[in-house]
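Participant: As input, take run25.txt (compact mmCIF, C-alpha atoms):
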```
# COMPACT_ATOMS: atom_id res chain seq x y z
CA MET A 1 0.00 0.00 0.00
CA SER A 2 1.31 3.49 -0.85
CA THR A 3 1.95 6.22 1.76
CA ALA A 4 -0.98 8.21 0.38
CA GLU A 5 -3.30 5.18 0.71
CA GLN A 6 -2.11 4.55 4.28
CA ALA A 7 -2.64 8.21 5.19
CA ALA A 8 -6.11 8.21 3.64
CA GLY A 9 -6.99 5.03 5.52
CA ALA A 10 -5.74 6.48 8.80
CA THR A 11 -7.72 9.69 8.28
CA GLU A 12 -10.92 7.70 7.49
CA LYS A 13 -10.47 5.59 10.62
CA LEU A 14 -9.95 8.75 12.71
CA GLU A 15 -13.16 10.31 11.37
CA LEU A 16 -15.16 7.13 12.09
CA LEU A 17 -13.77 7.00 15.61
CA THR A 18 -14.64 10.67 16.17
CA ILE A 19 -18.25 10.08 15.03
CA ALA A 20 -18.54 7.03 17.30
CA ASN A 21 -17.24 8.99 20.30
CA ASN A 22 -19.62 11.86 19.62
CA GLU A 23 -22.55 9.42 19.35
CA ALA A 24 -21.60 7.88 22.69
CA ILE A 25 -21.51 11.35 24.27
CA GLU A 26 -24.96 12.20 22.88
CA VAL A 27 -26.44 8.92 24.17
CA GLY A 28 -25.12 9.68 27.64
CA LYS A 29 -26.58 13.19 27.58
CA ASP A 30 -30.00 11.97 26.44
CA SER A 31 -30.31 9.09 28.90
CA ASP A 32 -31.86 11.33 31.60
CA ASN A 33 -34.46 12.70 29.21
CA GLU A 34 -35.58 9.68 27.24
CA GLU A 35 -39.30 10.57 27.36
CA SER A 36 -38.71 13.97 25.75
CA GLY A 37 -37.09 12.53 22.63
CA ASN A 38 -38.81 13.02 19.25
CA GLU A 39 -37.95 13.11 15.57
CA ALA A 40 -37.16 16.83 15.61
CA GLU A 41 -34.72 16.37 18.47
CA THR A 42 -33.13 13.38 16.70
CA GLY A 43 -32.65 15.48 13.58
CA ALA A 44 -31.14 18.29 15.64
CA SER A 45 -28.87 15.81 17.39
CA LYS A 46 -27.59 14.49 14.07
CA LYS A 47 -26.96 18.02 12.85
CA LYS A 48 -25.11 18.79 16.05
CA LYS A 49 -22.94 15.71 15.59
CA LYS A 50 -22.04 16.76 12.07
CA ASN A 51 -21.03 20.21 13.29
CA LYS A 52 -18.88 18.64 15.98
CA LYS A 53 -17.16 16.52 13.37
CA ARG A 54 -16.30 19.55 11.23
CA ASN A 55 -14.95 21.48 14.21
CA LYS A 56 -12.82 18.49 15.20
CA LYS A 57 -11.08 18.48 11.83
CA LYS A 58 -10.27 22.19 12.09
CA LYS A 59 -9.00 22.07 15.64
CA LYS A 60 -5.31 22.47 16.40
CA ALA A 61 -3.75 21.01 19.51
CA GLY A 62 -1.02 23.56 20.00
CA LEU A 63 2.45 22.25 19.29
CA GLY A 64 1.54 18.87 17.88
CA ALA A 65 -1.80 17.95 16.36
CA ALA A 66 -4.32 15.52 17.73
CA GLY A 67 -5.05 12.90 15.12
CA GLN A 68 -1.59 11.46 14.52
CA THR A 69 -1.48 7.67 14.65
CA ASP A 70 0.72 5.62 16.98
CA THR A 71 2.70 4.48 13.94
CA LEU A 72 3.28 7.99 12.52
CA SER A 73 1.36 7.35 9.32
CA VAL A 74 -0.36 10.71 8.70
CA PRO A 75 1.70 13.46 6.99
CA VAL A 76 1.52 16.78 8.83
CA SER A 77 0.20 18.46 5.68
CA GLN A 78 -3.02 16.49 6.17
CA LEU A 79 -3.29 17.46 9.83
CA PHE A 80 -2.59 21.12 9.04
CA PRO A 81 -3.90 21.78 5.52
CA ASN A 82 -3.67 25.59 5.69
CA SER A 83 -0.95 26.59 8.15
CA TYR A 84 1.34 25.11 10.77
CA PRO A 85 1.69 26.00 14.46
CA GLU A 86 4.11 28.81 15.13
CA GLY A 87 6.98 28.26 17.50
CA GLU A 88 7.64 30.12 20.74
CA ILE A 89 7.40 33.85 20.01
CA CYS A 90 9.83 36.05 21.94
CA GLU A 91 9.70 39.82 21.64
CA TYR A 92 13.00 41.64 21.33
CA ALA A 93 14.30 43.64 24.27
CA ASP A 94 16.02 46.98 24.81
CA ASP A 95 16.81 48.89 21.59
CA ASN A 96 15.09 46.26 19.45
CA ARG A 97 11.81 46.34 21.36
CA LYS A 98 10.23 48.73 18.85
CA ARG A 99 10.66 46.14 16.08
CA THR A 100 7.59 44.25 17.31
CA THR A 101 5.18 47.02 16.32
CA ASP A 102 7.18 48.84 13.63
CA GLU A 103 5.18 48.77 10.38
CA GLU A 104 8.30 48.63 8.20
CA MET A 105 9.53 45.59 10.13
CA ARG A 106 6.15 43.94 9.73
CA ALA A 107 6.30 44.49 5.98
CA LYS A 108 9.76 42.89 5.88
CA ASP A 109 8.43 40.00 7.95
CA ARG A 110 5.73 39.31 5.37
CA LEU A 111 8.37 38.92 2.66
CA ASN A 112 9.65 35.78 4.43
CA GLU A 113 6.29 34.02 4.76
CA LYS A 114 7.24 31.10 2.48
CA GLN A 115 10.44 30.36 4.41
CA ILE A 116 8.58 30.54 7.74
CA PHE A 117 5.85 28.28 6.35
CA ASP A 118 8.43 25.66 5.33
CA LEU A 119 10.30 25.91 8.64
CA ARG A 120 7.12 25.51 10.68
CA ARG A 121 6.17 22.46 8.67
CA ALA A 122 9.58 20.90 9.34
CA ALA A 123 9.34 21.86 13.02
CA GLU A 124 5.94 20.20 13.40
CA VAL A 125 7.34 17.02 11.86
CA HIS A 126 10.22 17.15 14.34
CA ARG A 127 7.88 17.57 17.31
CA GLN A 128 5.65 14.68 16.34
CA VAL A 129 8.52 12.33 15.48
CA ARG A 130 10.42 13.07 18.67
CA ARG A 131 7.27 12.68 20.78
CA HIS A 132 6.89 9.20 19.32
CA ALA A 133 10.61 8.46 19.76
CA GLN A 134 10.53 9.51 23.40
CA SER A 135 7.63 7.13 24.01
CA VAL A 136 9.27 4.06 22.47
CA ILE A 137 13.03 4.41 23.14
CA ARG A 138 14.00 2.30 26.13
CA PRO A 139 16.87 0.14 27.39
CA GLY A 140 17.19 -3.05 25.37
CA MET A 141 16.65 -1.35 21.99
CA ASP A 142 19.48 -1.32 19.48
CA LEU A 143 20.58 1.92 17.86
CA THR A 144 19.71 0.82 14.32
CA THR A 145 16.08 0.22 15.32
CA ILE A 146 15.94 3.64 16.98
CA ALA A 147 17.46 5.37 13.94
CA ASP A 148 15.07 3.59 11.56
CA THR A 149 12.09 4.55 13.73
CA ILE A 150 13.02 8.23 13.70
CA GLU A 151 14.04 8.42 10.05
CA ASN A 152 11.11 6.43 8.65
CA GLY A 153 8.73 8.54 10.72
CA THR A 154 10.36 11.70 9.40
CA ARG A 155 10.09 10.51 5.79
CA THR A 156 6.40 9.76 6.20
CA LEU A 157 5.35 12.89 8.09
CA VAL A 158 7.31 15.30 5.87
CA GLU A 159 6.38 13.37 2.69
CA ALA A 160 10.02 12.96 1.71
CA ASN A 161 10.66 13.95 -1.88
CA GLY A 162 14.32 14.53 -2.64
CA PHE A 163 15.39 18.15 -2.33
CA GLU A 164 11.81 19.32 -1.72
CA SER A 165 11.46 17.67 1.68
CA GLY A 166 13.12 14.99 3.75
CA ILE A 167 15.73 14.21 6.39
CA GLY A 168 18.01 17.10 7.28
CA PHE A 169 20.97 15.00 8.42
CA PRO A 170 21.65 11.52 9.87
CA THR A 171 20.13 10.75 13.26
CA GLY A 172 22.75 11.21 15.96
CA LEU A 173 22.56 8.58 18.71
CA SER A 174 25.56 9.26 20.93
CA ILE A 175 25.94 7.43 24.24
CA ASN A 176 27.62 8.48 27.50
CA HIS A 177 31.11 9.95 26.84
CA CYS A 178 30.36 10.23 23.11
CA ALA A 179 28.80 13.67 22.66
CA ALA A 180 27.99 13.88 18.95
CA HIS A 181 28.21 12.48 15.40
CA TYR A 182 27.49 8.85 16.16
CA THR A 183 24.94 7.03 14.04
CA PRO A 184 24.97 3.27 13.48
CA ASN A 185 26.57 1.85 10.35
CA ALA A 186 25.37 -1.43 8.84
CA GLY A 187 26.01 -4.29 11.26
CA ASP A 188 26.04 -2.04 14.34
CA HIS A 189 24.59 -4.02 17.28
CA VAL A 190 24.96 -1.46 20.08
CA VAL A 191 22.07 -1.78 22.56
CA ILE A 192 20.86 0.86 25.03
CA GLN A 193 21.56 -0.03 28.66
CA ASN A 194 19.73 1.07 31.83
CA ASP A 195 22.61 3.28 32.95
CA ASP A 196 23.19 5.01 29.58
CA VAL A 197 22.80 8.68 28.75
CA LEU A 198 21.60 8.95 25.15
CA LYS A 199 21.73 12.08 22.96
CA VAL A 200 19.14 12.08 20.16
CA ASP A 201 19.88 14.65 17.44
CA PHE A 202 17.97 14.68 14.15
CA GLY A 203 16.92 17.12 11.46
CA VAL A 204 14.07 17.76 9.05
CA HIS A 205 14.15 19.91 5.93
CA VAL A 206 11.50 21.43 3.66
CA ASN A 207 12.87 23.02 0.49
CA GLY A 208 16.30 23.05 2.11
CA HIS A 209 15.13 24.92 5.22
CA ILE A 210 16.44 22.77 8.07
CA ILE A 211 15.13 22.30 11.61
CA ASP A 212 17.91 21.01 13.87
CA SER A 213 16.87 19.98 17.38
CA ALA A 214 18.19 17.53 19.96
CA PHE A 215 17.39 16.13 23.40
CA THR A 216 18.92 13.76 25.94
CA MET A 217 17.36 10.69 27.56
CA SER A 218 18.41 8.72 30.62
CA TRP A 219 16.76 6.04 32.73
CA ASN A 220 18.63 6.65 35.98
CA ASP A 221 17.62 9.65 38.08
CA ARG A 222 21.17 10.26 39.19
CA TYR A 223 21.88 11.93 35.82
CA ALA A 224 19.04 14.45 36.24
CA PRO A 225 21.37 17.32 37.31
CA LEU A 226 23.41 16.87 34.12
CA LEU A 227 20.32 17.02 31.91
CA ASP A 228 18.92 19.97 33.89
CA ALA A 229 22.18 21.90 33.52
CA VAL A 230 22.32 21.50 29.76
CA LYS A 231 18.62 22.25 29.25
CA ASP A 232 18.97 25.40 31.37
CA ALA A 233 22.09 26.44 29.43
CA THR A 234 20.36 25.96 26.08
CA ASN A 235 17.37 28.02 27.22
CA THR A 236 19.79 30.69 28.38
CA GLY A 237 21.39 30.79 24.94
CA ILE A 238 17.95 31.11 23.36
CA ARG A 239 17.04 33.95 25.71
CA GLU A 240 20.28 35.84 25.00
CA ALA A 241 20.18 35.42 21.22
CA GLY A 242 18.93 38.37 19.18
CA ILE A 243 19.62 40.84 16.42
CA ASP A 244 22.99 42.62 16.88
CA VAL A 245 23.91 40.40 19.86
CA ARG A 246 27.59 39.44 19.99
CA LEU A 247 28.26 35.70 19.82
CA CYS A 248 30.76 35.90 22.68
CA ASP A 249 28.06 37.32 24.97
CA VAL A 250 25.78 34.38 24.22
CA GLY A 251 28.64 31.99 24.99
CA ALA A 252 29.49 33.74 28.26
CA ALA A 253 25.89 33.53 29.48
CA ILE A 254 25.69 29.83 28.60
CA GLN A 255 28.96 29.07 30.38
CA GLU A 256 27.91 30.87 33.56
CA VAL A 257 24.69 28.88 33.81
CA MET A 258 26.25 25.52 32.92
CA GLU A 259 29.05 25.87 35.46
CA SER A 260 26.60 26.70 38.25
CA TYR A 261 25.54 23.02 38.29
CA GLU A 262 27.21 19.99 39.79
CA ILE A 263 26.38 16.30 40.01
CA GLU A 264 27.09 13.54 42.53
CA LEU A 265 28.26 10.26 41.01
CA ASP A 266 29.58 7.33 43.04
CA GLY A 267 30.00 9.48 46.12
CA LYS A 268 31.94 12.23 44.32
CA THR A 269 30.69 15.74 43.59
CA ILE A 270 31.61 16.64 40.03
CA PRO A 271 31.27 20.09 38.43
CA ILE A 272 29.42 20.10 35.12
CA LYS A 273 31.52 21.63 32.36
CA PRO A 274 30.48 23.02 28.99
CA ILE A 275 32.25 21.18 26.16
CA ARG A 276 34.24 24.17 24.98
CA ASN A 277 35.10 22.92 21.48
CA LEU A 278 31.47 22.20 20.55
CA CYS A 279 29.07 24.97 19.64
CA GLY A 280 25.84 26.04 17.98
CA HIS A 281 25.75 27.41 14.44
CA ASN A 282 23.75 29.29 11.89
CA ILE A 283 21.93 27.33 9.17
CA GLY A 284 21.65 28.10 5.47
CA PRO A 285 19.59 26.54 2.66
CA TYR A 286 20.70 22.90 2.38
CA LYS A 287 23.70 23.69 4.66
CA ILE A 288 23.53 22.62 8.28
CA HIS A 289 26.60 24.72 9.17
CA SER A 290 26.56 28.03 7.33
CA GLY A 291 29.55 29.95 8.65
CA LYS A 292 28.86 31.40 12.09
CA SER A 293 29.46 29.45 15.30
CA VAL A 294 27.61 30.11 18.55
CA PRO A 295 30.07 29.34 21.37
CA ILE A 296 29.03 27.83 24.68
CA VAL A 297 31.89 29.49 26.54
CA ALA A 298 33.19 33.06 26.56
CA ASN A 299 35.62 33.20 23.62
CA GLY A 300 35.89 36.84 22.61
CA ASP A 301 34.15 36.43 19.24
CA GLN A 302 32.78 39.90 18.41
CA THR A 303 30.71 38.66 15.44
CA ARG A 304 27.07 39.71 15.74
CA MET A 305 23.85 37.89 15.00
CA GLU A 306 21.89 39.50 12.18
CA GLU A 307 18.28 39.99 11.16
CA GLY A 308 16.84 37.07 9.20
CA GLU A 309 19.45 34.53 10.32
CA LEU A 310 18.51 30.99 11.32
CA PHE A 311 20.45 29.56 14.28
CA ALA A 312 20.74 26.22 16.02
CA ILE A 313 21.33 27.02 19.68
CA GLU A 314 22.84 23.88 21.19
CA THR A 315 24.82 23.25 24.31
CA PHE A 316 26.75 20.24 25.58
CA GLY A 317 27.62 19.51 29.19
CA SER A 318 30.08 16.94 30.50
CA THR A 319 31.26 15.30 33.69
CA GLY A 320 34.66 14.79 32.02
CA ASN A 321 37.23 17.26 30.70
CA GLY A 322 34.78 19.39 28.76
CA TYR A 323 36.73 18.83 25.55
CA VAL A 324 36.03 16.32 22.78
CA HIS A 325 38.24 14.51 20.30
CA GLU A 326 37.55 12.30 17.29
CA GLU A 327 37.15 8.64 18.23
CA GLY A 328 35.82 5.54 16.53
CA VAL A 329 34.52 4.61 13.08
CA CYS A 330 33.13 7.46 11.00
CA SER A 331 29.50 7.42 9.86
CA HIS A 332 28.66 11.10 9.11
CA TYR A 333 29.68 12.72 5.82
CA ALA A 334 28.80 15.77 3.72
CA LYS A 335 29.81 16.98 0.28
CA ASN A 336 32.25 19.90 0.31
CA ASP A 337 30.38 22.71 -1.40
CA GLY A 338 33.63 24.39 -2.42
CA ALA A 339 35.33 21.37 -3.99
CA PHE A 340 35.52 21.25 -7.80
CA THR A 341 37.99 18.38 -8.24
CA ASN A 342 36.81 15.48 -10.38
CA PRO A 343 37.96 12.10 -9.02
CA ARG A 344 39.83 9.85 -11.41
CA ILE A 345 38.94 6.52 -9.82
CA PRO A 346 35.72 5.20 -11.44
CA SER A 347 34.18 4.03 -8.15
CA ALA A 348 34.73 7.46 -6.62
CA LYS A 349 33.30 9.22 -9.65
CA LYS A 350 30.20 7.01 -9.58
CA LEU A 351 29.70 7.51 -5.85
CA LEU A 352 30.06 11.28 -6.21
CA GLN A 353 27.30 11.29 -8.79
CA THR A 354 25.07 9.35 -6.37
CA ILE A 355 25.85 11.76 -3.53
CA THR A 356 25.23 14.84 -5.66
CA LYS A 357 21.96 13.48 -7.03
CA ASN A 358 20.51 12.35 -3.70
CA PHE A 359 22.02 14.57 -1.01
CA GLY A 360 23.64 17.62 -2.57
CA THR A 361 25.22 19.45 0.36
CA LEU A 362 22.97 17.82 2.97
CA PRO A 363 24.84 15.49 5.37
CA PHE A 364 24.46 11.75 4.87
CA CYS A 365 25.68 8.48 6.38
CA ARG A 366 26.62 5.04 5.15
CA ARG A 367 23.16 3.66 5.88
CA TYR A 368 21.70 6.15 3.41
CA ILE A 369 24.08 4.98 0.70
CA ASP A 370 23.20 1.36 1.49
CA ARG A 371 19.52 2.27 1.22
CA LEU A 372 20.09 3.48 -2.35
CA GLY A 373 21.38 0.03 -3.29
CA GLU A 374 25.04 1.00 -3.56
CA SER A 375 27.65 -1.61 -2.62
CA HIS A 376 31.44 -1.91 -2.65
CA TYR A 377 31.73 1.86 -2.31
CA TYR A 378 34.24 2.09 0.56
CA LEU A 379 37.27 2.73 -1.67
CA GLY A 380 35.34 5.36 -3.57
CA LEU A 381 34.22 7.04 -0.34
CA LYS A 382 37.77 7.03 1.05
CA THR A 383 39.03 8.59 -2.19
CA LEU A 384 36.45 11.37 -1.99
CA VAL A 385 37.34 12.06 1.64
CA ASP A 386 41.09 12.02 0.97
CA SER A 387 40.52 14.46 -1.91
CA ASP A 388 38.47 16.82 0.31
CA ILE A 389 35.53 16.43 -2.05
CA VAL A 390 33.56 14.88 0.81
CA MET A 391 34.11 15.85 4.45
CA ALA A 392 34.13 13.15 7.14
CA TYR A 393 32.71 13.85 10.61
CA PRO A 394 33.80 11.10 13.04
CA PRO A 395 32.22 10.64 16.50
CA LEU A 396 33.25 13.31 19.03
CA CYS A 397 34.02 12.00 22.51
CA ASP A 398 35.15 13.22 25.93
CA THR A 399 37.14 10.99 28.28
CA LYS A 400 35.90 7.42 28.69
CA GLY A 401 33.83 6.96 31.82
CA SER A 402 32.39 10.46 31.62
CA TYR A 403 28.83 11.40 30.71
CA THR A 404 27.66 14.07 28.30
CA ALA A 405 24.28 15.64 27.53
CA GLN A 406 22.88 17.86 24.76
CA PHE A 407 19.82 20.01 24.16
CA GLU A 408 19.21 22.07 21.03
CA HIS A 409 16.60 24.26 19.34
CA THR A 410 16.37 26.10 16.04
CA LEU A 411 15.32 29.75 16.09
CA ILE A 412 14.97 32.48 13.49
CA LEU A 413 15.60 36.19 14.04
CA ARG A 414 12.58 37.58 12.24
CA PRO A 415 12.46 41.37 11.67
CA THR A 416 9.72 41.73 14.32
CA VAL A 417 10.27 38.89 16.80
CA LYS A 418 12.49 35.94 17.63
CA GLU A 419 10.73 32.64 16.94
CA VAL A 420 11.94 29.41 18.55
CA LEU A 421 10.65 27.20 15.79
CA SER A 422 11.30 23.77 17.28
CA ARG A 423 9.98 24.52 20.78
CA GLY A 424 7.54 21.90 22.06
CA ASP A 425 5.85 20.95 25.31
CA ASP A 426 8.68 18.48 26.01
CA TYR A 427 11.64 20.89 26.01
```
Before anything else, please render the file you have as C-alpha cells.
Facilitator:
Amino acid sequence: MSTAEQAAGATEKLELLTIANNEAIEVGKDSDNEESGNEAETGASKKKKKNKKRNKKKKKAGLGAAGQTDTLSVPVSQLFPNSYPEGEICEYADDNRKRTTDEEMRAKDRLNEKQIFDLRRAAEVHRQVRRHAQSVIRPGMDLTTIADTIENGTRTLVEANGFESGIGFPTGLSINHCAAHYTPNAGDHVVIQNDDVLKVDFGVHVNGHIIDSAFTMSWNDRYAPLLDAVKDATNTGIREAGIDVRLCDVGAAIQEVMESYEIELDGKTIPIKPIRNLCGHNIGPYKIHSGKSVPIVANGDQTRMEEGELFAIETFGSTGNGYVHEEGVCSHYAKNDGAFTNPRIPSAKKLLQTITKNFGTLPFCRRYIDRLGESHYYLGLKTLVDSDIVMAYPPLCDTKGSYTAQFEHTLILRPTVKEVLSRGDDY
C-alpha cells in the first residue's frame, strides 16, 4: 500500500472514531431525558454531531496535532492543511523592542512568509517524530532500530521527496562519553543499557530549510542534574540570542549557567563543564553549518547575529574534561560545497554522482548509501574524503567513563520577533 493510501486510511479511521465517540456522548446526555425525545430532536442531534465533526477536523492542539497515529502514518500536511503552528514567540528587548510594532519591520516580515511556512512544517514534523521516539526508546533497543524509527517517521510525516522535503541529516545517537556524530553503520549491534545517557539529534528539511533539534534521555535519576544543567544552558542561549547580539556574549551567558551546576556520582561531587570545542551554528539553505558558530563558553568572538538569520542554539555539558576529540569509526559525511575536483577513480566518480543526485550538500551516512542500493563503495568514499571532495565527521568524545548531555533548538531572528521554531511541550 502506498503512503498516500495509508494516510487516507488512517484519516478515514480517525473520522469514524470521532463520530462514534460523539454518538456515545450524545447517548449519555440523552439518557436522563428519554421521554422527551422526538424526531425533531433526533434530527437536531444528528446536525449537532455533524457540526462537531467539522470542528474536530479544524482544531489544532497547539504544538503537535491531535489525530496522529501511533505508527506515525499521517503526513503533517493532512493534519494542518492551511498553516502550521508557530513556534515560541519572543519579543525583542532593549533597543530592538520597537521592532515588534514597527510597520516597516512587519512588511519585511511578510516577505519571508514562504520560508517561515516551510520551517514551521519541518518543526511540526520534528515535534511529532520526537514525541513518538521519546515514548518508544527504552533500554534493550538497538541503535539501528531507533534510527530507523526516527528516520522512517520523518520521511512519512514530511512526505520525503528529494530536495523538496526529507531528512536534514543523519540521526545522531551518541551514548555516554560520546557527545555527537554517532549514528549506526550497517552491522552495528549497540544496545541501550539502563545506565546510559543517550543524545538524540535529528533534522528535518522542507525546500532546504532545516530544523535542527536535539534532546537527551536517561533512565537513571542520578543523571538528572546533568540534563537539567544542559537544558537550562540551552534556554539561556535562546534567551540571550537576538539581532545585533555578539556571539561571545551568548557563549558567556551559557557558560555561567552551565558551570553553576554539579552532580554527585559514586560518592563524588563533580562540576558540570560546557564542552568548549562544541558549539551552535547558523543554518543556510541545504547547509547545516553556514559559517557562524555560537560558542558555549566566553571566547571573545565579536561577530554579531543578524536579522533574518537561522540559528541552532545547542549546548553540551560533560562530567569529564569538557573537551572532545575524534574517536571511533566514521559514519557522518557531507559533500564539500567548495570542492571542484573530479575524481579519477571510477568508483569514486560514480559515488560522487550518487551523492550529488541524492544529497547535494545535505549530510548523509553510510546507511543512506546502502539504502540506495550502492555496494562496494568504501574505496570510492575514502578517495572522496582524501581528496576533500567529501568531508568526514567522526564521532566526538570526551574521556571514557564520563557522561555528556545535549539540548538544542532552532530559532529564526525575524524582523519583528524571535521565533523558537522547534519549541515543544517536552523541552
Participant: I'd like the interatomic distance between atom CA of Tyr84 of chain A and atom CA of Leu119 of chain A, to a tenth of an Å.
Facilitator: 9.2 Å
Participant: Which residues come within 6 Å of Cys279 of chain A, counting only C-alpha atoms, excluding same-chain residues fewer than 5 positions away, as a list of chain:residue names?
Facilitator: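 That gives A:Val294, A:Pro295, A:Ile296.
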Participant: Show me, as a Markdown table, the residues of segment 340-402 of chain A having an atom within 12 Å of segment 192-205 of chain A, each with the closest atom pair and its distance in Å, using all atoms listed in the file.
Facilitator:
```
| residue | atom | partner | partner_atom | distance |
| --- | --- | --- | --- | --- |
| A:Phe359 | CA | A:His205 | CA | 11.8 |
| A:Leu362 | CA | A:His205 | CA | 9.5 |
| A:Pro363 | CA | A:Gly203 | CA | 10.1 |
| A:Phe364 | CA | A:Gly203 | CA | 11.4 |
| A:Gly401 | CA | A:Asp196 | CA | 11.0 |
| A:Ser402 | CA | A:Val197 | CA | 10.2 |
```
Participant: Please, what distance in Å, to one decimal, runs between atom CA of Ile345 of chain A and atom CA of Arg366 of chain A?
Facilitator: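 Going from atom CA of Ile345 of chain A over to atom CA of Arg366 of chain A, I get 19.4 Å.
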Participant: Which is closer to Thr410 of chain A than all the others in A:Ile150, A:Ile238, A:Ile89, A:Ile211, using all atoms listed in the file?
Facilitator: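 Between A:Ile150, A:Ile238, A:Ile89, A:Ile211, the residue approaching Thr410 of chain A most closely is A:Ile211.
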Participant: For Leu421 of chain A, find every residue with an atom within 7 Å (counting all atoms listed in the file), except residues of its own chain fewer than 4 positions away, and show them as a ChimeraX atom specification.
Facilitator: /A:86-88,120,123,410-411
Participant: Around (24.4, 29.5, 10.9) in the file's own coordinates, what residues are found within 9 Å if you use only C-alpha atoms, given back as a VMD selection string?
Facilitator: chain A and resid 280 to 284 287 to 294 309 to 312
Participant: Excluding Met105 of chain A and any residue of its chain fewer than 3 positions from it, enumerate the residues within 6 Å of it, using all atoms listed in the file, and give them as a PyMOL selection string.
Facilitator: chain A and resi 102+108+415-416
Participant: I need the residue nearest Asp212 of chain A from this list: A:Pro394, A:Gly300, A:Gly140, A:Gly172. Use only C-alpha atoms for the distance.
Facilitator: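 The shortest atom-to-atom distance to Asp212 of chain A comes from A:Gly172.
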Participant: Measuring between all atoms listed in the file, which one of A:Pro274, A:Gly166, A:Pro75, A:Gly153 shows the shortest distance to Tyr403 of chain A?
Facilitator: A:Pro274
Participant: Between A:Leu396, A:Ile210, A:Leu79, A:Ile243, which residue has the minimum interatomic distance to Gly308 of chain A, considering all atoms listed in the file?
Facilitator: A:Ile243
Participant: In Å, rounded to a single decimal, give me how far atom CA of Thr149 of chain A is from atom CA of Val129 of chain A.
Facilitator: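 Taking atom CA of Val129 of chain A as the start and atom CA of Thr149 of chain A as the end point, the length is 8.7 Å.
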Participant: Would you mind listing what lies within 12 Å of Ser135 of chain A as a PyMOL selection string, with all atoms listed in the file counted and same-chain residues fewer than 5 positions away left out?
Facilitator: chain A and resi 70-71+128-130+146+149-150+217+426
Participant: Have a look at A:Arg106, A:Arg423, A:His132, A:His332 and name the one nearest to Ile369 of chain A; count only C-alpha atoms.
Facilitator: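 With only C-alpha atoms as the atom set, the closest residue is A:His332.
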Participant: Can you pull out every residue within 12 Å of Tyr427 of chain A, counting all atoms listed in the file, but drop anything in the same chain fewer than 3 positions away, and send it as a list in words?
Facilitator: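 Skipping anything fewer than 3 positions along the chain leaves Leu63, Glu88, Arg127, Arg130, Arg131, Gln134, Ser213, Ala214, Phe215, Thr216, Met217, Leu227, Asp228, Val230, Lys231, Asp232, Thr234, Asn235, Gln406, Phe407, Glu408, His409, Val420, Ser422, Arg423 and Gly424 of chain A.
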